[in-house]
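Raw contents of entry.pdb, PDB, C-alpha atoms:
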ATOM      1  CA  MET A   1     212.510 -15.269 -25.956
ATOM      2  CA  THR A   2     208.972 -16.553 -25.388
ATOM      3  CA  PRO A   3     207.910 -17.802 -21.949
ATOM      4  CA  ALA A   4     207.703 -21.312 -23.411
ATOM      5  CA  GLU A   5     211.282 -21.197 -24.668
ATOM      6  CA  LYS A   6     212.465 -19.791 -21.343
ATOM      7  CA  VAL A   7     210.839 -22.679 -19.467
ATOM      8  CA  PHE A   8     212.263 -25.201 -21.918
ATOM      9  CA  ARG A   9     215.792 -23.852 -21.553
ATOM     10  CA  GLU A  10     215.410 -23.944 -17.770
ATOM     11  CA  HIS A  11     214.390 -27.588 -18.056
ATOM     12  CA  LEU A  12     217.435 -28.318 -20.218
ATOM     13  CA  ALA A  13     219.632 -26.986 -17.400
ATOM     14  CA  GLY A  14     217.641 -28.852 -14.754
ATOM     15  CA  ALA A  15     218.642 -32.008 -12.957
ATOM     16  CA  PRO A  16     216.341 -34.505 -14.747
ATOM     17  CA  PHE A  17     217.651 -33.569 -18.212
ATOM     18  CA  GLN A  18     221.245 -33.200 -17.035
ATOM     19  CA  SER A  19     221.068 -36.539 -15.225
ATOM     20  CA  GLY A  20     220.224 -38.195 -18.528
ATOM     21  CA  VAL A  21     223.026 -36.323 -20.280
ATOM     22  CA  ASP A  22     225.453 -37.452 -17.601
ATOM     23  CA  ARG A  23     224.416 -41.084 -18.021
ATOM     24  CA  GLY A  24     224.694 -40.872 -21.801
ATOM     25  CA  ARG A  25     220.978 -41.392 -22.297
ATOM     26  CA  TRP A  26     220.484 -38.269 -24.424
ATOM     27  CA  ARG A  27     222.180 -35.058 -25.515
ATOM     28  CA  LEU A  28     220.985 -31.716 -26.804
ATOM     29  CA  VAL A  29     221.845 -31.075 -30.449
ATOM     30  CA  SER A  30     220.231 -27.687 -31.062
ATOM     31  CA  VAL A  31     217.410 -25.325 -30.188
ATOM     32  CA  THR A  32     215.846 -23.164 -32.898
ATOM     33  CA  TRP A  33     212.583 -22.201 -31.304
ATOM     34  CA  PRO A  34     209.992 -23.686 -31.395
ATOM     35  CA  TYR A  35     212.101 -26.684 -32.390
ATOM     36  CA  ALA A  36     214.731 -28.617 -30.478
ATOM     37  CA  VAL A  37     216.781 -31.537 -31.741
ATOM     38  CA  ILE A  38     217.806 -34.083 -29.107
ATOM     39  CA  ALA A  39     219.726 -37.309 -29.734
ATOM     40  CA  VAL A  40     218.713 -40.375 -27.699
ATOM     41  CA  GLY A  41     221.034 -43.316 -27.087
ATOM     42  CA  ALA A  42     220.147 -46.764 -28.413
ATOM     43  CA  ALA A  43     221.195 -50.275 -27.495
ATOM     44  CA  GLY A  44     223.911 -51.714 -29.694
ATOM     45  CA  ARG A  45     222.647 -53.485 -32.802
ATOM     46  CA  THR A  46     224.542 -54.638 -35.901
ATOM     47  CA  ASN A  47     224.836 -51.899 -38.540
ATOM     48  CA  ALA A  48     222.682 -49.517 -36.529
ATOM     49  CA  SER A  49     223.387 -46.156 -34.982
ATOM     50  CA  SER A  50     224.240 -45.845 -31.307
ATOM     51  CA  GLU A  51     221.803 -42.943 -31.108
ATOM     52  CA  TYR A  52     218.931 -41.367 -33.006
ATOM     53  CA  ALA A  53     218.127 -37.675 -33.235
ATOM     54  CA  PHE A  54     214.575 -36.438 -32.866
ATOM     55  CA  ARG A  55     213.211 -33.004 -33.667
ATOM     56  CA  PHE A  56     210.660 -31.830 -31.130
ATOM     57  CA  GLU A  57     208.125 -29.117 -31.949
ATOM     58  CA  LEU A  58     207.526 -27.342 -28.651
ATOM     59  CA  ARG A  59     205.115 -24.460 -29.073
ATOM     60  CA  ASN A  60     203.412 -23.466 -25.814
ATOM     61  CA  TYR A  61     205.686 -25.893 -23.890
ATOM     62  CA  PRO A  62     205.056 -27.472 -21.438
ATOM     63  CA  VAL A  63     201.307 -26.748 -21.302
ATOM     64  CA  THR A  64     200.915 -28.120 -24.808
ATOM     65  CA  LEU A  65     202.516 -31.490 -25.337
ATOM     66  CA  PRO A  66     205.304 -31.825 -27.909
ATOM     67  CA  THR A  67     205.373 -33.732 -31.140
ATOM     68  CA  ALA A  68     208.563 -35.364 -32.374
ATOM     69  CA  GLN A  69     209.951 -37.043 -35.471
ATOM     70  CA  PRO A  70     213.228 -38.842 -36.236
ATOM     71  CA  TRP A  71     215.667 -36.302 -37.602
ATOM     72  CA  ASN A  72     218.831 -36.308 -39.697
ATOM     73  CA  GLU A  73     221.184 -34.247 -37.576
ATOM     74  CA  LYS A  74     223.752 -33.655 -40.323
ATOM     75  CA  GLU A  75     221.269 -32.725 -43.054
ATOM     76  CA  ASN A  76     218.900 -30.953 -40.647
ATOM     77  CA  ALA A  77     216.022 -32.747 -42.332
ATOM     78  CA  PRO A  78     213.571 -35.563 -41.615
ATOM     79  CA  LEU A  79     215.325 -38.897 -41.273
ATOM     80  CA  ALA A  80     215.029 -41.228 -44.265
ATOM     81  CA  THR A  81     212.656 -44.101 -43.597
ATOM     82  CA  SER A  82     215.434 -46.656 -44.048
ATOM     83  CA  SER A  83     217.345 -45.035 -41.186
ATOM     84  CA  TRP A  84     214.483 -45.002 -38.667
ATOM     85  CA  PRO A  85     214.772 -47.323 -35.692
ATOM     86  CA  GLY A  86     213.042 -50.594 -36.408
ATOM     87  CA  GLY A  87     211.929 -53.684 -34.624
ATOM     88  CA  THR A  88     208.984 -55.742 -33.557
ATOM     89  CA  GLY A  89     206.103 -55.393 -31.100
ATOM     90  CA  ARG A  90     205.731 -52.013 -29.423
ATOM     91  CA  VAL A  91     208.901 -50.709 -31.077
ATOM     92  CA  ALA A  92     207.465 -51.229 -34.567
ATOM     93  CA  TYR A  93     204.245 -49.500 -33.548
ATOM     94  CA  ALA A  94     205.971 -46.465 -32.023
ATOM     95  CA  PHE A  95     208.443 -45.878 -34.869
ATOM     96  CA  ASN A  96     206.056 -46.154 -37.786
ATOM     97  CA  PRO A  97     207.158 -44.037 -40.777
ATOM     98  CA  GLY A  98     203.864 -44.758 -42.503
ATOM     99  CA  TYR A  99     201.820 -42.959 -39.832
ATOM    100  CA  LYS A 100     201.075 -39.336 -40.757
ATOM    101  CA  GLY A 101     203.923 -39.369 -43.248
ATOM    102  CA  GLY A 102     206.495 -40.000 -40.550
ATOM    103  CA  SER A 103     205.856 -36.615 -38.958
ATOM    104  CA  CYS A 104     205.450 -37.956 -35.400
ATOM    105  CA  LEU A 105     205.955 -40.964 -33.147
ATOM    106  CA  TYR A 106     202.964 -43.183 -32.452
ATOM    107  CA  LEU A 107     202.941 -42.553 -28.721
ATOM    108  CA  PRO A 108     200.431 -41.155 -26.207
ATOM    109  CA  CYS A 109     202.906 -38.425 -25.186
ATOM    110  CA  ASP A 110     202.939 -37.055 -28.749
ATOM    111  CA  ARG A 111     200.549 -34.221 -29.603
ATOM    112  CA  SER A 112     199.895 -35.337 -33.163
ATOM    113  CA  SER A 113     199.366 -38.970 -32.289
ATOM    114  CA  ILE A 114     197.053 -38.605 -29.329
ATOM    115  CA  GLU A 115     194.540 -36.691 -31.449
ATOM    116  CA  GLY A 116     191.579 -39.027 -31.860
ATOM    117  CA  HIS A 117     193.015 -41.536 -29.402
ATOM    118  CA  ASP A 118     191.265 -40.547 -26.181
ATOM    119  CA  ALA A 119     191.198 -44.186 -25.084
ATOM    120  CA  TRP A 120     194.981 -44.041 -24.660
ATOM    121  CA  ARG A 121     194.476 -41.885 -21.563
ATOM    122  CA  THR A 122     193.119 -44.914 -19.744
ATOM    123  CA  GLN A 123     195.006 -47.602 -21.666
ATOM    124  CA  HIS A 124     198.455 -46.014 -21.275
ATOM    125  CA  PRO A 125     198.315 -43.562 -18.353
ATOM    126  CA  GLU A 126     202.052 -43.947 -17.759
ATOM    127  CA  MET A 127     202.744 -42.378 -21.162
ATOM    128  CA  ILE A 128     200.367 -39.418 -20.971
ATOM    129  CA  TRP A 129     202.107 -36.040 -21.043
ATOM    130  CA  ASP A 130     202.067 -34.191 -17.711
ATOM    131  CA  PRO A 131     202.252 -30.405 -18.216
ATOM    132  CA  LYS A 132     203.886 -30.114 -14.781
ATOM    133  CA  GLY A 133     206.749 -32.291 -16.002
ATOM    134  CA  ASP A 134     209.503 -31.673 -18.509
ATOM    135  CA  ILE A 135     210.818 -33.001 -21.805
ATOM    136  CA  THR A 136     212.473 -35.983 -20.090
ATOM    137  CA  GLN A 137     209.097 -37.699 -19.792
ATOM    138  CA  TYR A 138     209.071 -38.054 -23.606
ATOM    139  CA  LEU A 139     212.818 -38.809 -23.805
ATOM    140  CA  ARG A 140     212.546 -41.624 -21.245
ATOM    141  CA  ILE A 141     209.876 -43.351 -23.337
ATOM    142  CA  ILE A 142     212.019 -43.154 -26.479
ATOM    143  CA  HIS A 143     215.084 -44.338 -24.559
ATOM    144  CA  ASP A 144     213.161 -47.301 -23.168
ATOM    145  CA  LEU A 145     211.975 -48.299 -26.657
ATOM    146  CA  LEU A 146     215.515 -48.071 -28.025
ATOM    147  CA  HIS A 147     216.704 -50.415 -25.274
ATOM    148  CA  SER A 148     213.965 -52.993 -25.734
ATOM    149  CA  GLU A 149     214.907 -56.399 -27.034
ATOM    150  CA  ASN A 150     212.180 -55.681 -29.601
ATOM    151  CA  TYR A 151     214.426 -52.982 -31.058
ATOM    152  CA  THR A 152     216.385 -54.727 -33.806
ATOM    153  CA  GLY A 153     218.284 -51.885 -35.491
ATOM    154  CA  LEU A 154     217.494 -49.933 -38.610
ATOM    155  CA  HIS A 155     213.994 -49.952 -40.044
ATOM    156  CA  ARG A 156     213.559 -52.242 -43.019
ATOM    157  CA  ALA A 157     211.133 -50.664 -45.494
TER
ATOM    158  CA  MET B   1     238.623 -19.487  -4.335
ATOM    159  CA  ASN B   2     236.927 -22.707  -3.379
ATOM    160  CA  ASP B   3     236.218 -25.141  -6.239
ATOM    161  CA  GLN B   4     232.576 -26.043  -6.587
ATOM    162  CA  ILE B   5     231.215 -29.386  -7.660
ATOM    163  CA  GLU B   6     227.708 -30.381  -8.707
ATOM    164  CA  ILE B   7     225.993 -33.305  -6.999
ATOM    165  CA  PHE B   8     222.873 -35.132  -8.150
ATOM    166  CA  LEU B   9     220.679 -35.519  -5.113
ATOM    167  CA  GLN B  10     217.752 -37.808  -4.413
ATOM    168  CA  GLY B  11     216.130 -38.716  -1.148
ATOM    169  CA  GLU B  12     213.196 -38.697   1.188
ATOM    170  CA  GLY B  13     210.717 -35.986   0.299
ATOM    171  CA  ILE B  14     212.575 -34.993  -2.868
ATOM    172  CA  ARG B  15     210.158 -35.735  -5.685
ATOM    173  CA  GLU B  16     212.613 -35.340  -8.558
ATOM    174  CA  VAL B  17     216.382 -35.623  -8.863
ATOM    175  CA  THR B  18     217.978 -32.301  -7.905
ATOM    176  CA  LEU B  19     221.331 -30.764  -8.772
ATOM    177  CA  ILE B  20     223.100 -28.904  -5.975
ATOM    178  CA  ARG B  21     226.436 -27.062  -5.944
ATOM    179  CA  VAL B  22     228.811 -27.481  -3.035
ATOM    180  CA  PRO B  23     232.451 -26.630  -2.298
ATOM    181  CA  ALA B  24     234.679 -29.532  -3.291
ATOM    182  CA  ASP B  25     236.279 -29.638   0.169
ATOM    183  CA  SER B  26     232.942 -29.935   2.040
ATOM    184  CA  THR B  27     232.328 -32.557   4.663
ATOM    185  CA  VAL B  28     229.345 -34.855   4.386
ATOM    186  CA  ARG B  29     227.741 -32.897   7.237
ATOM    187  CA  GLU B  30     228.168 -29.667   5.264
ATOM    188  CA  LEU B  31     226.700 -31.436   2.249
ATOM    189  CA  ILE B  32     223.547 -31.999   4.297
ATOM    190  CA  GLU B  33     223.387 -28.287   5.099
ATOM    191  CA  HIS B  34     223.696 -27.404   1.414
ATOM    192  CA  ALA B  35     220.993 -29.936   0.598
ATOM    193  CA  LYS B  36     218.676 -28.333   3.157
ATOM    194  CA  THR B  37     219.229 -24.929   1.600
ATOM    195  CA  GLN B  38     219.194 -25.888  -2.073
ATOM    196  CA  ALA B  39     216.900 -28.914  -2.200
ATOM    197  CA  GLY B  40     214.693 -28.379   0.824
ATOM    198  CA  ILE B  41     215.403 -31.628   2.626
ATOM    199  CA  ALA B  42     213.970 -31.678   6.110
ATOM    200  CA  ASP B  43     215.820 -31.108   9.366
ATOM    201  CA  GLY B  44     216.794 -34.094  11.440
ATOM    202  CA  GLU B  45     220.426 -34.592  10.578
ATOM    203  CA  GLU B  46     220.830 -37.014  13.439
ATOM    204  CA  GLU B  47     218.413 -39.406  11.760
ATOM    205  CA  LEU B  48     219.638 -39.025   8.185
ATOM    206  CA  VAL B  49     221.863 -41.502   6.430
ATOM    207  CA  VAL B  50     223.834 -40.310   3.420
ATOM    208  CA  LEU B  51     224.698 -42.892   0.781
ATOM    209  CA  LEU B  52     226.321 -43.072  -2.604
ATOM    210  CA  GLU B  53     224.004 -44.408  -5.307
ATOM    211  CA  ASP B  54     223.751 -48.195  -5.253
ATOM    212  CA  HIS B  55     226.048 -48.386  -2.215
ATOM    213  CA  ASP B  56     225.205 -50.006   1.098
ATOM    214  CA  GLU B  57     227.396 -48.204   3.622
ATOM    215  CA  PRO B  58     226.294 -44.826   5.063
ATOM    216  CA  LEU B  59     228.928 -42.108   4.741
ATOM    217  CA  ARG B  60     230.574 -40.698   7.877
ATOM    218  CA  LEU B  61     229.309 -37.170   8.535
ATOM    219  CA  ASP B  62     232.730 -35.774   9.415
ATOM    220  CA  ALA B  63     234.432 -37.191   6.326
ATOM    221  CA  LYS B  64     235.407 -34.908   3.444
ATOM    222  CA  VAL B  65     233.303 -35.667   0.371
ATOM    223  CA  LYS B  66     236.432 -36.087  -1.760
ATOM    224  CA  ASP B  67     237.740 -38.685   0.721
ATOM    225  CA  VAL B  68     234.627 -40.846   0.389
ATOM    226  CA  GLY B  69     234.677 -40.912  -3.389
ATOM    227  CA  ILE B  70     232.270 -38.068  -4.135
ATOM    228  CA  SER B  71     233.259 -35.885  -7.060
ATOM    229  CA  HIS B  72     231.613 -33.758  -9.729
ATOM    230  CA  ARG B  73     228.160 -35.013 -10.767
ATOM    231  CA  HIS B  74     228.208 -38.018  -8.485
ATOM    232  CA  ARG B  75     224.897 -39.222  -7.089
ATOM    233  CA  ILE B  76     223.972 -39.044  -3.428
ATOM    234  CA  HIS B  77     220.954 -40.114  -1.417
ATOM    235  CA  PHE B  78     219.569 -38.783   1.899
ATOM    236  CA  HIS B  79     217.063 -40.754   3.937
ATOM    237  CA  ARG B  80     215.968 -41.669   7.436
ATOM    238  CA  CYS B  81     215.280 -45.283   6.418
ATOM    239  CA  ARG B  82     218.465 -47.339   6.472
ATOM    240  CA  GLN B  83     216.843 -50.098   4.438
ATOM    241  CA  VAL B  84     213.706 -50.260   2.301
ATOM    242  CA  LYS B  85     211.800 -53.524   2.264
ATOM    243  CA  VAL B  86     210.826 -54.181  -1.354
ATOM    244  CA  SER B  87     208.226 -56.699  -2.456
ATOM    245  CA  VAL B  88     207.535 -57.521  -6.101
ATOM    246  CA  ASN B  89     204.446 -59.344  -7.352
ATOM    247  CA  PHE B  90     204.384 -61.322 -10.595
ATOM    248  CA  ASN B  91     202.235 -64.201 -11.775
ATOM    249  CA  GLN B  92     200.644 -64.602  -8.320
ATOM    250  CA  ALA B  93     204.034 -64.959  -6.649
ATOM    251  CA  THR B  94     205.819 -62.435  -4.429
ATOM    252  CA  LYS B  95     209.528 -61.939  -3.840
ATOM    253  CA  GLU B  96     210.908 -59.754  -1.059
ATOM    254  CA  ARG B  97     214.243 -58.236  -0.187
ATOM    255  CA  SER B  98     215.575 -55.184   1.606
ATOM    256  CA  PHE B  99     217.689 -52.621  -0.242
ATOM    257  CA  PRO B 100     219.447 -49.427   0.827
ATOM    258  CA  PRO B 101     217.305 -46.389  -0.098
ATOM    259  CA  SER B 102     219.965 -45.287  -2.599
ATOM    260  CA  THR B 103     219.294 -48.344  -4.763
ATOM    261  CA  THR B 104     218.191 -47.512  -8.298
ATOM    262  CA  ILE B 105     215.035 -48.961  -9.794
ATOM    263  CA  LYS B 106     217.335 -50.341 -12.502
ATOM    264  CA  ARG B 107     219.112 -52.501  -9.936
ATOM    265  CA  ILE B 108     215.870 -53.625  -8.296
ATOM    266  CA  LYS B 109     214.394 -54.457 -11.707
ATOM    267  CA  LYS B 110     217.446 -56.598 -12.470
ATOM    268  CA  TRP B 111     216.997 -58.409  -9.149
ATOM    269  CA  ALA B 112     213.291 -58.945  -9.856
ATOM    270  CA  ASP B 113     214.028 -60.246 -13.357
ATOM    271  CA  ASP B 114     216.453 -62.752 -11.859
ATOM    272  CA  GLN B 115     213.982 -63.802  -9.168
ATOM    273  CA  PHE B 116     211.236 -64.449 -11.693
ATOM    274  CA  GLU B 117     213.651 -65.798 -14.320
ATOM    275  CA  LEU B 118     212.775 -63.157 -16.898
ATOM    276  CA  LYS B 119     215.411 -62.880 -19.608
ATOM    277  CA  GLY B 120     215.877 -61.106 -22.935
ATOM    278  CA  VAL B 121     212.695 -59.755 -24.422
ATOM    279  CA  ASP B 122     210.641 -60.953 -21.447
ATOM    280  CA  ALA B 123     212.766 -58.755 -19.179
ATOM    281  CA  THR B 124     212.745 -55.612 -21.331
ATOM    282  CA  GLU B 125     209.000 -55.870 -21.922
ATOM    283  CA  HIS B 126     208.104 -55.696 -18.231
ATOM    284  CA  ALA B 127     208.344 -52.743 -15.836
ATOM    285  CA  LEU B 128     208.080 -52.183 -12.109
ATOM    286  CA  GLN B 129     204.870 -50.327 -11.215
ATOM    287  CA  VAL B 130     204.096 -49.139  -7.699
ATOM    288  CA  CYS B 131     201.210 -51.269  -6.420
ATOM    289  CA  GLY B 132     197.812 -49.626  -6.716
ATOM    290  CA  THR B 133     199.072 -46.797  -8.946
ATOM    291  CA  ASN B 134     200.048 -46.055 -12.545
ATOM    292  CA  ASN B 135     203.484 -44.944 -11.391
ATOM    293  CA  ARG B 136     206.338 -46.708 -13.179
ATOM    294  CA  PRO B 137     209.461 -45.063 -11.771
ATOM    295  CA  ASP B 138     212.308 -44.411 -14.183
ATOM    296  CA  LEU B 139     215.320 -46.714 -13.940
ATOM    297  CA  ASP B 140     217.317 -43.739 -12.557
ATOM    298  CA  VAL B 141     215.062 -43.266  -9.535
ATOM    299  CA  HIS B 142     216.330 -44.259  -6.083
ATOM    300  CA  VAL B 143     213.816 -46.438  -4.273
ATOM    301  CA  GLY B 144     214.080 -44.224  -1.187
ATOM    302  CA  THR B 145     212.360 -41.361  -3.004
ATOM    303  CA  LEU B 146     209.228 -43.505  -3.093
ATOM    304  CA  VAL B 147     208.925 -44.044   0.666
ATOM    305  CA  GLN B 148     208.564 -41.837   3.718
ATOM    306  CA  HIS B 149     209.998 -42.732   7.120
ATOM    307  CA  PRO B 150     208.804 -44.654   9.163
ATOM    308  CA  GLN B 151     207.090 -46.563   6.321
ATOM    309  CA  CYS B 152     210.319 -48.044   4.971
ATOM    310  CA  GLN B 153     208.686 -50.461   2.581
ATOM    311  CA  ILE B 154     207.210 -50.500  -0.892
ATOM    312  CA  CYS B 155     205.344 -52.903  -3.139
ATOM    313  CA  PHE B 156     205.709 -53.207  -6.918
ATOM    314  CA  ASP B 157     203.847 -55.175  -9.536
ATOM    315  CA  LEU B 158     205.901 -56.439 -12.459
ATOM    316  CA  VAL B 159     203.668 -55.429 -15.371
ATOM    317  CA  PRO B 160     203.907 -55.867 -19.145
ATOM    318  CA  LYS B 161     204.676 -52.830 -21.297
ATOM    319  CA  LYS B 162     201.741 -52.769 -23.653
ATOM    320  CA  ARG B 163     202.122 -51.800 -27.281
ATOM    321  CA  VAL B 164     200.404 -48.581 -28.314
ATOM    322  CA  GLU B 165     197.826 -49.375 -30.962
ATOM    323  CA  GLY B 166     194.286 -48.587 -31.999
TER
END
If you convert what's in this file into structure tokens, what do you get?
Amino acid sequence: MTPAEKVFREHLAGAPFQSGVDRGRWRLVSVTWPYAVIAVGAAGRTNASSEYAFRFELRNYPVTLPTAQPWNEKENAPLATSSWPGGTGRVAYAFNPGYKGGSCLYLPCDRSSIEGHDAWRTQHPEMIWDPKGDITQYLRIIHDLLHSENYTGLHRA
Amino acid sequence: MNDQIEIFLQGEGIREVTLIRVPADSTVRELIEHAKTQAGIADGEEELVVLLEDHDEPLRLDAKVKDVGISHRHRIHFHRCRQVKVSVNFNQATKERSFPPSTTIKRIKKWADDQFELKGVDATEHALQVCGTNNRPDLDVHVGTLVQHPQCQICFDLVPKKRVEG
């Protein structure tokens, strides 16, 4: 087990992650290092899932920030565009399957997305990854988006 | 063998929620001792109040935890402040109210939304941010974790959640 995986597994057992599990905010699906699949709860919407799985790529965690994409838990494959979370405003921007082929979320806490977006560090300091923190800082942002009134259910291509 | 239960702990000087293990038949006073050992809360038992999350009444120190409704994975708060005076600024207006330190940011946000008549998308698209900082505490956070006795007060701005673009 790499030091990064060891730290990640310690964080999974830690109070911040377990607190979210206990409240039904998220749940661990699997860890196959350097990947972890975690399902995040969503507000109820007609014909939409009550949760969405995301696959996090976690190499050199937590020094290096993760990148995550919506994931089909049953097929163990990227989630079809039509099944992504959809909505308006900041929800539509964050869950954008057209950005980098749907390989990441358009968020400042995502390693792939922050590349070339240095201005986000000052525009969105509350969403910048803190290497002293844990995976819940990313999960909380997803959970908040999935409980926004701007979240309307499944993405409409 | 004594059954153990896990308790989620927040409080003064505890930066992040902490999980401690205690015997199920502990008293509240013994819970404090376990919290000192496992979570590093400061001495000063005589000044501490122990509260259930989002509850107003301090727990009696000699009561058994099971007799005051504490069971596995319940949420407890330790603090020397009995109340935290909260002020929230929005649109050049300020609303104030005191809350027990065990009050979640979720509950305070709901109160602030009601005070400023924010509903639906207007409510979900605003967050509480500690005045003069970039700190937007998670909805799970107890307000007491943000203050240190004897400064039993805190100020928030109600700020819009900006879309990420560019």
Problem set entry | Selection result of the PyMOL selection byres ((chain A) within 9 of (chain B)) on this file, as a ChimeraX atom specification | /A:14-16,18-20,22,89-91,93-94,106-108,117,119-120,123-126,140,144,147-150
For this session: Please write the residues picked by the PyMOL selection byres ((chain A and resi 103) around 9) on this file as a PyMOL selection string.
Result: chain A and resi 67-70+78+97+99-102+104-105+112
For this session: Determine, counting all atoms listed in the file, which protein, DNA and RNA residues have an atom within 6 Å of an atom of segment 48-60 of chain B; residues of the same chain fewer than 5 positions away are not included. Present the result as a PyMOL selection string.
Result: chain B and resi 75-80+100+102-103
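Taking atom CA of His149 of chain B and atom CA of Ile108 of chain B as the two end points, the separation is 19.8 Å.
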Problem set entry | atom CA of Arg25 of chain A to atom CA of Val143 of chain B, straight-line distance in Å | 20.0 Å
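In terms of minimum interatomic distance to Phe17 of chain A, A:Ile38 ranks closest within A:Ile38, A:Ser30, A:Ser82, A:Asn60, counting all atoms listed in the file.
Shortest atom-to-atom contact with Arg97 of chain B among B:Ile154, B:Val22, B:Cys131, B:Val141: B:Ile154, counting all atoms listed in the file.
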Exercise. Could you pull the residues within 12 Å of Ala112 of chain B, counting only C-alpha atoms, minus those fewer than 6 positions along the same chain, as a PyMOL selection string?
Worked result: chain B and resi 86-90+93-97+105-106+118-119+123-124+126-128+156-159
Kindly provide, as JSON, the centre and edge lengths (Å, one decimal) of an axis-aligned box around all atoms of segment 51-68 of chain A given in the file, with 4 Å on each side.
{"center_x": 211.4, "center_y": -33.2, "center_z": -27.5, "size_x": 28.9, "size_y": 27.5, "size_z": 20.4}
Seminar exercise, completed: The residue from B:Val68, B:Val84, B:Leu61, B:Ala35 with the smallest atom-to-atom distance to Gln151 of chain B, counting all atoms listed in the file, is B:Val84
Compute the distance from (220.6, -31.3, -30.4) to each atom, counting only C-alpha atoms, keep the residues with any atom at most 7 Å away, and return them as a PDB file with C-alpha atoms, in the frame of the given file; use the coordinates of the file.
ATOM      1  CA  ARG A  27     222.180 -35.058 -25.515  1.00  0.00           C
ATOM      2  CA  LEU A  28     220.985 -31.716 -26.804  1.00  0.00           C
ATOM      3  CA  VAL A  29     221.845 -31.075 -30.449  1.00  0.00           C
ATOM      4  CA  SER A  30     220.231 -27.687 -31.062  1.00  0.00           C
ATOM      5  CA  VAL A  31     217.410 -25.325 -30.188  1.00  0.00           C
ATOM      6  CA  ALA A  36     214.731 -28.617 -30.478  1.00  0.00           C
ATOM      7  CA  VAL A  37     216.781 -31.537 -31.741  1.00  0.00           C
ATOM      8  CA  ILE A  38     217.806 -34.083 -29.107  1.00  0.00           C
ATOM      9  CA  ALA A  39     219.726 -37.309 -29.734  1.00  0.00           C
TER      10      ALA A  39
END
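Taking atom CA of Gln92 of chain B and atom CA of Arg121 of chain A as endpoints, the distance between them is 27.0 Å.
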